[in-house]
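As structure tokens, the structure follows; a few thoughts come after it.
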Amino acid sequence: MSDIVSEWICRIQPIDRDAAEHTRAYLDTLTKPPGSLGELEALAIQLSAITGELMPRVTPTSVLVFAADHGVAEEGVSAFPQAVTAQMVANFASGGAAINVFARQIGADVEIVDVGVASTLTMPGVTHAKVRQGTDNMALENAMQCDEALAAIEVGTAAVERAQQSGAKCLIVGEMGIANTTASSAMLAVLTGTPVAQVVGAGTGIDSAQQAHKVAVIERVIQVRQADPNDPLDVLAKVGGLEIAAMVGTYLAAAAHRLPIVVDGFIATVAALVACRLCPAVRGYLVFGHRSEEPGHATALEALDAQPLLALGMRLGEGSGAALAFPLLQAAAGMLNEMATFADAGVSDKTSQ
Ligand SMILES: Cc1cc2ncn([C@H]3O[C@H](COP(=O)(O)O)[C@@H](O)[C@H]3O)c2cc1C
Ligand SMILES: O=C(O)c1cccnc1
């Protein structure tokens, strides 16, 4: 494996089982019937296991959105033209996209990172970390070289380092890249051996004929690229994307820093699958925000044995579903930090009657 990835993996410890047990017991001392806060209790236990703290915090929070283009867009696999990636980056920078609205609602900072948009962007409010101007068309050649995928992973790890140094206690990750459901579906089919038709959806809203064409394009890609399912970096380089690689880097670095990271929809989850194949210990650091409508998301979640917090019928990306789930993390952490115990509040517990 590459030096860069191995160095990050060496820094990742398993989540803290002792802290989890401590919190599990503490939850039963709080003024509520044991277990009555259901999944929120499981989330509180996970936050303790991630941070190693009985009283974890999830604020300040940083949203990291990675943008890049995909050469495979020229195969007609998206409902929207490639130029929309750059146009949406401008929209993110001026605060008008869904993720900006949801981030404002939860009081989170947003960093927009250009890891590989095809056109040259100069607007303020964007971190310029372009590895290359979009990937190559994977129907014709490998999406990128392995060293480019590694450079994009480092763009993700660097963004986590910046967020961590500025005090972030929780991360939310998202992406923008026209045709990235095609790359994600190809990656997922290779990594899990699932038939392509089962992991392909409408993305931005293609019709059924276009969807059949998308399936055919991905089947051809998989046949000619011959990515090794046992080598996640090979899959990332041959049929992946630059923003997907950057998200892989964010999961590795978040785990290394013991920061909870909220995974968004389909594309973010495929990146999470790559990170967990590289280092299974990453899995414990991931909180899954929502279940996307994109059909491949179910396959990706199953491969990670993950149950998302929300199911709102969304299929946007940008980190939007993760941002909407974030108040549940705040509630879980708030419960540990602020709820009174039976002893504190003078409330009789079940056994003292
Ligand atoms: C205006 C607009 C805003 C978006 N924000 C996220 N996506 C989402 O749609 C794209 C993936 O779908 P496909 O593979 O079909 O191109 C990604 O950019 C994803 O983040 C958007 C797409 C559009 C059109
Ligand atoms: O689930 C997602 O992340 C998604 C689905 C469709 C289009 N863009 C993103």
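Please note that chains go A, B, ... in the order of the structure tokens, that every chain numbers its residues from 1, and that ligands are numbered from 1 in the order shown.
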What lies within 12 Å of Ile50 in chain A using only C-alpha atoms, ignoring chain neighbours under 6 positions off, as number ranges by chain? A: 12-20, 23, 43-44, 56-58, 169-170, 254-261, 281-287
Can you list, as a list in words, all residues belonging to range 33-82 of chain A that DSSP tags as alpha helix (DSSP H)? Gly38, Glu39, Leu40, Glu41, Ala42, Leu43, Ala44, Ile45, Gln46, Leu47, Ser48, Ala49, Ile50 and Thr51 of chain A
Taking a cut-off of 10 Å and counting only C-alpha atoms, can you build a table that, for each residue of range 143-234 of chain A near range 90-112 of chain A, reports the nearest atom pair and how far apart they are in Å (one decimal), sorted by chain then residue number, as JSON lines?
{"residue": "A:Ala159", "atom": "CA", "partner": "A:Glu111", "partner_atom": "CA", "distance": 8.3}
{"residue": "A:Arg162", "atom": "CA", "partner": "A:Glu111", "partner_atom": "CA", "distance": 9.9}
{"residue": "A:Ala163", "atom": "CA", "partner": "A:Glu111", "partner_atom": "CA", "distance": 8.9}
{"residue": "A:Ala168", "atom": "CA", "partner": "A:Asp109", "partner_atom": "CA", "distance": 9.1}
{"residue": "A:Cys170", "atom": "CA", "partner": "A:Ala108", "partner_atom": "CA", "distance": 9.6}
{"residue": "A:Leu171", "atom": "CA", "partner": "A:Ala108", "partner_atom": "CA", "distance": 9.2}
{"residue": "A:Ile172", "atom": "CA", "partner": "A:Ala108", "partner_atom": "CA", "distance": 9.1}
{"residue": "A:Val173", "atom": "CA", "partner": "A:Val110", "partner_atom": "CA", "distance": 9.8}
{"residue": "A:Gly174", "atom": "CA", "partner": "A:Ile99", "partner_atom": "CA", "distance": 8.7}
{"residue": "A:Glu175", "atom": "CA", "partner": "A:Ile112", "partner_atom": "CA", "distance": 9.1}
{"residue": "A:Met176", "atom": "CA", "partner": "A:Ile112", "partner_atom": "CA", "distance": 9.6}
Requested write-out: C-alpha atoms of the selected residues, as a short mmCIF file (atom, residue, chain, number, x, y, z; two decimals), in the first residue's frame:
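Listed below is the output, result20.cif:
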data_model
loop_
_atom_site.label_atom_id
_atom_site.label_comp_id
_atom_site.auth_asym_id
_atom_site.auth_seq_id
_atom_site.Cartn_x
_atom_site.Cartn_y
_atom_site.Cartn_z
CA ALA A 159 -9.09 19.47 5.06
CA ARG A 162 -7.51 22.29 9.06
CA ALA A 163 -10.91 21.67 10.62
CA ALA A 168 -13.99 21.23 15.05
CA CYS A 170 -17.47 16.79 14.49
CA LEU A 171 -17.28 16.65 10.71
CA ILE A 172 -19.90 16.40 7.99
CA VAL A 173 -18.74 15.36 4.56
CA GLY A 174 -20.30 15.95 1.18
CA GLU A 175 -19.57 16.16 -2.54
CA MET A 176 -20.48 17.79 -5.83
#
Could you make a table, as JSON lines, of the residues of chain A that have an atom within 10 Å of an atom of ligand 2, each with its nearest atom pair and distance in Å to one decimal, counting only C-alpha atoms and all ligand atoms, in chain and number order?
{"residue": "A:Ser78", "atom": "CA", "partner": "ligand 2", "partner_atom_place_in_ligand_line": "7 (C)", "distance": 9.4}
{"residue": "A:Gly174", "atom": "CA", "partner": "ligand 2", "partner_atom_place_in_ligand_line": "3 (O)", "distance": 7.9}
{"residue": "A:Glu175", "atom": "CA", "partner": "ligand 2", "partner_atom_place_in_ligand_line": "3 (O)", "distance": 7.8}
{"residue": "A:Met176", "atom": "CA", "partner": "ligand 2", "partner_atom_place_in_ligand_line": "8 (N)", "distance": 7.8}
{"residue": "A:Gly177", "atom": "CA", "partner": "ligand 2", "partner_atom_place_in_ligand_line": "8 (N)", "distance": 8.4}
{"residue": "A:Ile178", "atom": "CA", "partner": "ligand 2", "partner_atom_place_in_ligand_line": "8 (N)", "distance": 8.3}
{"residue": "A:Ala179", "atom": "CA", "partner": "ligand 2", "partner_atom_place_in_ligand_line": "7 (C)", "distance": 8.6}
{"residue": "A:Asn180", "atom": "CA", "partner": "ligand 2", "partner_atom_place_in_ligand_line": "8 (N)", "distance": 7.4}
{"residue": "A:Thr181", "atom": "CA", "partner": "ligand 2", "partner_atom_place_in_ligand_line": "7 (C)", "distance": 6.2}
{"residue": "A:Thr182", "atom": "CA", "partner": "ligand 2", "partner_atom_place_in_ligand_line": "7 (C)", "distance": 9.7}
{"residue": "A:Ser184", "atom": "CA", "partner": "ligand 2", "partner_atom_place_in_ligand_line": "3 (O)", "distance": 9.5}
{"residue": "A:Gly201", "atom": "CA", "partner": "ligand 2", "partner_atom_place_in_ligand_line": "6 (C)", "distance": 7.8}
{"residue": "A:Ala202", "atom": "CA", "partner": "ligand 2", "partner_atom_place_in_ligand_line": "6 (C)", "distance": 7.2}
{"residue": "A:Gly203", "atom": "CA", "partner": "ligand 2", "partner_atom_place_in_ligand_line": "6 (C)", "distance": 4.0}
{"residue": "A:Thr204", "atom": "CA", "partner": "ligand 2", "partner_atom_place_in_ligand_line": "7 (C)", "distance": 5.1}
{"residue": "A:Gly205", "atom": "CA", "partner": "ligand 2", "partner_atom_place_in_ligand_line": "7 (C)", "distance": 8.2}
{"residue": "A:Val263", "atom": "CA", "partner": "ligand 2", "partner_atom_place_in_ligand_line": "3 (O)", "distance": 9.5}
{"residue": "A:Asp264", "atom": "CA", "partner": "ligand 2", "partner_atom_place_in_ligand_line": "3 (O)", "distance": 6.3}
{"residue": "A:Gly265", "atom": "CA", "partner": "ligand 2", "partner_atom_place_in_ligand_line": "1 (O)", "distance": 3.6}
{"residue": "A:Phe266", "atom": "CA", "partner": "ligand 2", "partner_atom_place_in_ligand_line": "1 (O)", "distance": 3.8}
{"residue": "A:Ile267", "atom": "CA", "partner": "ligand 2", "partner_atom_place_in_ligand_line": "3 (O)", "distance": 4.8}
{"residue": "A:Ala268", "atom": "CA", "partner": "ligand 2", "partner_atom_place_in_ligand_line": "3 (O)", "distance": 6.3}
{"residue": "A:Thr269", "atom": "CA", "partner": "ligand 2", "partner_atom_place_in_ligand_line": "3 (O)", "distance": 7.9}
{"residue": "A:Val270", "atom": "CA", "partner": "ligand 2", "partner_atom_place_in_ligand_line": "3 (O)", "distance": 9.4}
{"residue": "A:His290", "atom": "CA", "partner": "ligand 2", "partner_atom_place_in_ligand_line": "1 (O)", "distance": 8.7}
{"residue": "A:Arg291", "atom": "CA", "partner": "ligand 2", "partner_atom_place_in_ligand_line": "1 (O)", "distance": 7.6}
{"residue": "A:Ser292", "atom": "CA", "partner": "ligand 2", "partner_atom_place_in_ligand_line": "1 (O)", "distance": 4.5}
{"residue": "A:Glu293", "atom": "CA", "partner": "ligand 2", "partner_atom_place_in_ligand_line": "1 (O)", "distance": 6.6}
{"residue": "A:Glu294", "atom": "CA", "partner": "ligand 2", "partner_atom_place_in_ligand_line": "5 (C)", "distance": 5.2}
{"residue": "A:Pro295", "atom": "CA", "partner": "ligand 2", "partner_atom_place_in_ligand_line": "1 (O)", "distance": 8.8}
{"residue": "A:Gly296", "atom": "CA", "partner": "ligand 2", "partner_atom_place_in_ligand_line": "1 (O)", "distance": 8.7}
{"residue": "A:His297", "atom": "CA", "partner": "ligand 2", "partner_atom_place_in_ligand_line": "1 (O)", "distance": 6.8}
{"residue": "A:Gly313", "atom": "CA", "partner": "ligand 2", "partner_atom_place_in_ligand_line": "1 (O)", "distance": 9.7}
{"residue": "A:Met314", "atom": "CA", "partner": "ligand 2", "partner_atom_place_in_ligand_line": "1 (O)", "distance": 7.2}
{"residue": "A:Arg315", "atom": "CA", "partner": "ligand 2", "partner_atom_place_in_ligand_line": "5 (C)", "distance": 4.0}
{"residue": "A:Leu316", "atom": "CA", "partner": "ligand 2", "partner_atom_place_in_ligand_line": "9 (C)", "distance": 4.3}
{"residue": "A:Gly317", "atom": "CA", "partner": "ligand 2", "partner_atom_place_in_ligand_line": "3 (O)", "distance": 3.6}
{"residue": "A:Glu318", "atom": "CA", "partner": "ligand 2", "partner_atom_place_in_ligand_line": "3 (O)", "distance": 7.1}
{"residue": "A:Gly319", "atom": "CA", "partner": "ligand 2", "partner_atom_place_in_ligand_line": "3 (O)", "distance": 7.6}
{"residue": "A:Ser320", "atom": "CA", "partner": "ligand 2", "partner_atom_place_in_ligand_line": "3 (O)", "distance": 8.5}
{"residue": "A:Gly321", "atom": "CA", "partner": "ligand 2", "partner_atom_place_in_ligand_line": "3 (O)", "distance": 8.3}
{"residue": "A:Ala322", "atom": "CA", "partner": "ligand 2", "partner_atom_place_in_ligand_line": "3 (O)", "distance": 9.9}
Can those selected residues be exported to a file as a PDB file, in the first residue's frame so that it contains C-alpha atoms?
ATOM      1  CA  SER A  78     -26.288  12.452 -16.068  1.00  0.00           C
ATOM      2  CA  GLY A 174     -20.305  15.952   1.178  1.00  0.00           C
ATOM      3  CA  GLU A 175     -19.569  16.156  -2.536  1.00  0.00           C
ATOM      4  CA  MET A 176     -20.482  17.794  -5.827  1.00  0.00           C
ATOM      5  CA  GLY A 177     -19.542  16.299  -9.171  1.00  0.00           C
ATOM      6  CA  ILE A 178     -21.762  15.760 -12.188  1.00  0.00           C
ATOM      7  CA  ALA A 179     -21.735  12.031 -13.134  1.00  0.00           C
ATOM      8  CA  ASN A 180     -20.415  10.928  -9.766  1.00  0.00           C
ATOM      9  CA  THR A 181     -23.278   8.467  -9.261  1.00  0.00           C
ATOM     10  CA  THR A 182     -21.839   6.655 -12.293  1.00  0.00           C
ATOM     11  CA  SER A 184     -19.858   5.426  -7.372  1.00  0.00           C
ATOM     12  CA  GLY A 201     -30.296   4.804 -10.179  1.00  0.00           C
ATOM     13  CA  ALA A 202     -31.607   8.015 -11.674  1.00  0.00           C
ATOM     14  CA  GLY A 203     -28.936  10.233 -10.094  1.00  0.00           C
ATOM     15  CA  THR A 204     -29.962  13.793 -10.941  1.00  0.00           C
ATOM     16  CA  GLY A 205     -33.087  12.502 -12.689  1.00  0.00           C
ATOM     17  CA  VAL A 263     -21.577  10.239   6.276  1.00  0.00           C
ATOM     18  CA  ASP A 264     -24.050  11.628   3.737  1.00  0.00           C
ATOM     19  CA  GLY A 265     -25.755   9.673   0.934  1.00  0.00           C
ATOM     20  CA  PHE A 266     -24.790   7.227  -1.785  1.00  0.00           C
ATOM     21  CA  ILE A 267     -21.527   8.756  -3.004  1.00  0.00           C
ATOM     22  CA  ALA A 268     -20.217   9.536   0.479  1.00  0.00           C
ATOM     23  CA  THR A 269     -21.089   5.980   1.574  1.00  0.00           C
ATOM     24  CA  VAL A 270     -19.205   4.396  -1.334  1.00  0.00           C
ATOM     25  CA  HIS A 290     -29.589   9.330   6.036  1.00  0.00           C
ATOM     26  CA  ARG A 291     -30.764   6.699   3.596  1.00  0.00           C
ATOM     27  CA  SER A 292     -30.672   8.089   0.061  1.00  0.00           C
ATOM     28  CA  GLU A 293     -33.245   7.183  -2.584  1.00  0.00           C
ATOM     29  CA  GLU A 294     -30.423   6.161  -4.924  1.00  0.00           C
ATOM     30  CA  PRO A 295     -30.878   2.367  -5.052  1.00  0.00           C
ATOM     31  CA  GLY A 296     -27.169   1.565  -4.685  1.00  0.00           C
ATOM     32  CA  HIS A 297     -27.159   3.206  -1.277  1.00  0.00           C
ATOM     33  CA  GLY A 313     -36.530  10.187   0.517  1.00  0.00           C
ATOM     34  CA  MET A 314     -33.683  12.551  -0.364  1.00  0.00           C
ATOM     35  CA  ARG A 315     -31.186  12.125  -3.227  1.00  0.00           C
ATOM     36  CA  LEU A 316     -29.115  15.281  -3.334  1.00  0.00           C
ATOM     37  CA  GLY A 317     -25.626  14.831  -1.943  1.00  0.00           C
ATOM     38  CA  GLU A 318     -23.567  17.923  -0.918  1.00  0.00           C
ATOM     39  CA  GLY A 319     -23.626  16.625   2.671  1.00  0.00           C
ATOM     40  CA  SER A 320     -27.286  17.674   2.939  1.00  0.00           C
ATOM     41  CA  GLY A 321     -28.613  14.489   4.582  1.00  0.00           C
ATOM     42  CA  ALA A 322     -25.706  14.397   7.024  1.00  0.00           C
TER      43      ALA A 322
END
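If you look at CA of Ala67 in chain A and CA of Asp114 in chain A, they are 5.1 Å away from each other.
Nearest residue to ligand 1 among A:Asp3, A:Glu161, A:Asp207, A:Asp136 is A:Asp207, counting only C-alpha atoms and all ligand atoms.
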Report as CSV: every residue of range 36-135 of chain A with an atom at most 8 Å from range 212-221 of chain A, its closest pair of atoms, and their distance in Å to one decimal, counting only C-alpha atoms, with rows sorted by chain and ascending residue number.
residue,atom,partner,partner_atom,distance
A:Glu75,CA,A:Val217,CA,7.5
A:Gly76,CA,A:Lys214,CA,7.8
A:Val77,CA,A:Lys214,CA,5.3
Pick from A:Ile206, A:Leu188, A:Val235, A:Leu312 nearest to Ala300 in chain A, counting only C-alpha atoms: A:Leu188
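Once range 24-26 of chain A and its same-chain neighbours fewer than 3 positions away are set aside, Asp18, Ala19, Ala20, Glu21, Thr29, Leu30, Pro34, Gly35, Glu41, Ala42, Ala44, Ile45, Gln46, Ser48, Leu54, Leu336 and Thr341 of chain A remain within 10 Å of it when counting only C-alpha atoms.
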Store the residues picked out above in a file with N, CA and C atoms, as an mmCIF file, in the first residue's frame.
data_model
loop_
_atom_site.group_PDB
_atom_site.id
_atom_site.type_symbol
_atom_site.label_atom_id
_atom_site.label_comp_id
_atom_site.auth_asym_id
_atom_site.auth_seq_id
_atom_site.Cartn_x
_atom_site.Cartn_y
_atom_site.Cartn_z
ATOM 1 N N ASP A 18 -14.034 0.668 26.390
ATOM 2 C CA ASP A 18 -14.228 0.962 27.823
ATOM 3 C C ASP A 18 -15.096 2.210 27.997
ATOM 4 N N ALA A 19 -14.783 3.242 27.187
ATOM 5 C CA ALA A 19 -15.602 4.464 27.270
ATOM 6 C C ALA A 19 -17.044 4.145 26.904
ATOM 7 N N ALA A 20 -17.230 3.265 25.914
ATOM 8 C CA ALA A 20 -18.593 2.887 25.502
ATOM 9 C C ALA A 20 -19.321 2.229 26.673
ATOM 10 N N GLU A 21 -18.669 1.329 27.354
ATOM 11 C CA GLU A 21 -19.303 0.627 28.475
ATOM 12 C C GLU A 21 -19.626 1.582 29.616
ATOM 13 N N THR A 29 -28.245 5.834 34.642
ATOM 14 C CA THR A 29 -28.374 6.645 35.859
ATOM 15 C C THR A 29 -29.127 7.952 35.579
ATOM 16 N N LEU A 30 -29.383 8.255 34.301
ATOM 17 C CA LEU A 30 -30.056 9.523 33.961
ATOM 18 C C LEU A 30 -31.565 9.401 34.174
ATOM 19 N N PRO A 34 -34.648 3.207 31.770
ATOM 20 C CA PRO A 34 -33.499 2.692 31.021
ATOM 21 C C PRO A 34 -33.865 2.355 29.572
ATOM 22 N N GLY A 35 -33.041 2.824 28.645
ATOM 23 C CA GLY A 35 -33.250 2.490 27.224
ATOM 24 C C GLY A 35 -34.330 3.306 26.544
ATOM 25 N N GLU A 41 -29.593 6.690 22.463
ATOM 26 C CA GLU A 41 -28.664 6.138 23.459
ATOM 27 C C GLU A 41 -27.512 5.417 22.748
ATOM 28 N N ALA A 42 -27.848 4.669 21.697
ATOM 29 C CA ALA A 42 -26.799 3.981 20.924
ATOM 30 C C ALA A 42 -25.845 5.022 20.320
ATOM 31 N N ALA A 44 -25.229 8.053 21.523
ATOM 32 C CA ALA A 44 -24.426 8.617 22.623
ATOM 33 C C ALA A 44 -23.267 7.679 22.962
ATOM 34 N N ILE A 45 -23.558 6.384 22.996
ATOM 35 C CA ILE A 45 -22.506 5.397 23.289
ATOM 36 C C ILE A 45 -21.441 5.435 22.189
ATOM 37 N N GLN A 46 -21.888 5.544 20.947
ATOM 38 C CA GLN A 46 -20.907 5.611 19.843
ATOM 39 C C GLN A 46 -20.047 6.873 19.943
ATOM 40 N N SER A 48 -19.179 8.444 22.607
ATOM 41 C CA SER A 48 -18.192 8.211 23.665
ATOM 42 C C SER A 48 -17.085 7.280 23.183
ATOM 43 N N LEU A 54 -16.725 10.575 28.319
ATOM 44 C CA LEU A 54 -18.082 10.355 28.855
ATOM 45 C C LEU A 54 -18.998 11.518 28.459
ATOM 46 N N LEU A 336 -25.900 13.419 27.396
ATOM 47 C CA LEU A 336 -24.810 13.023 28.300
ATOM 48 C C LEU A 336 -24.287 14.207 29.111
ATOM 49 N N THR A 341 -28.971 13.140 36.753
ATOM 50 C CA THR A 341 -29.094 11.732 37.159
ATOM 51 C C THR A 341 -30.238 11.624 38.169
#
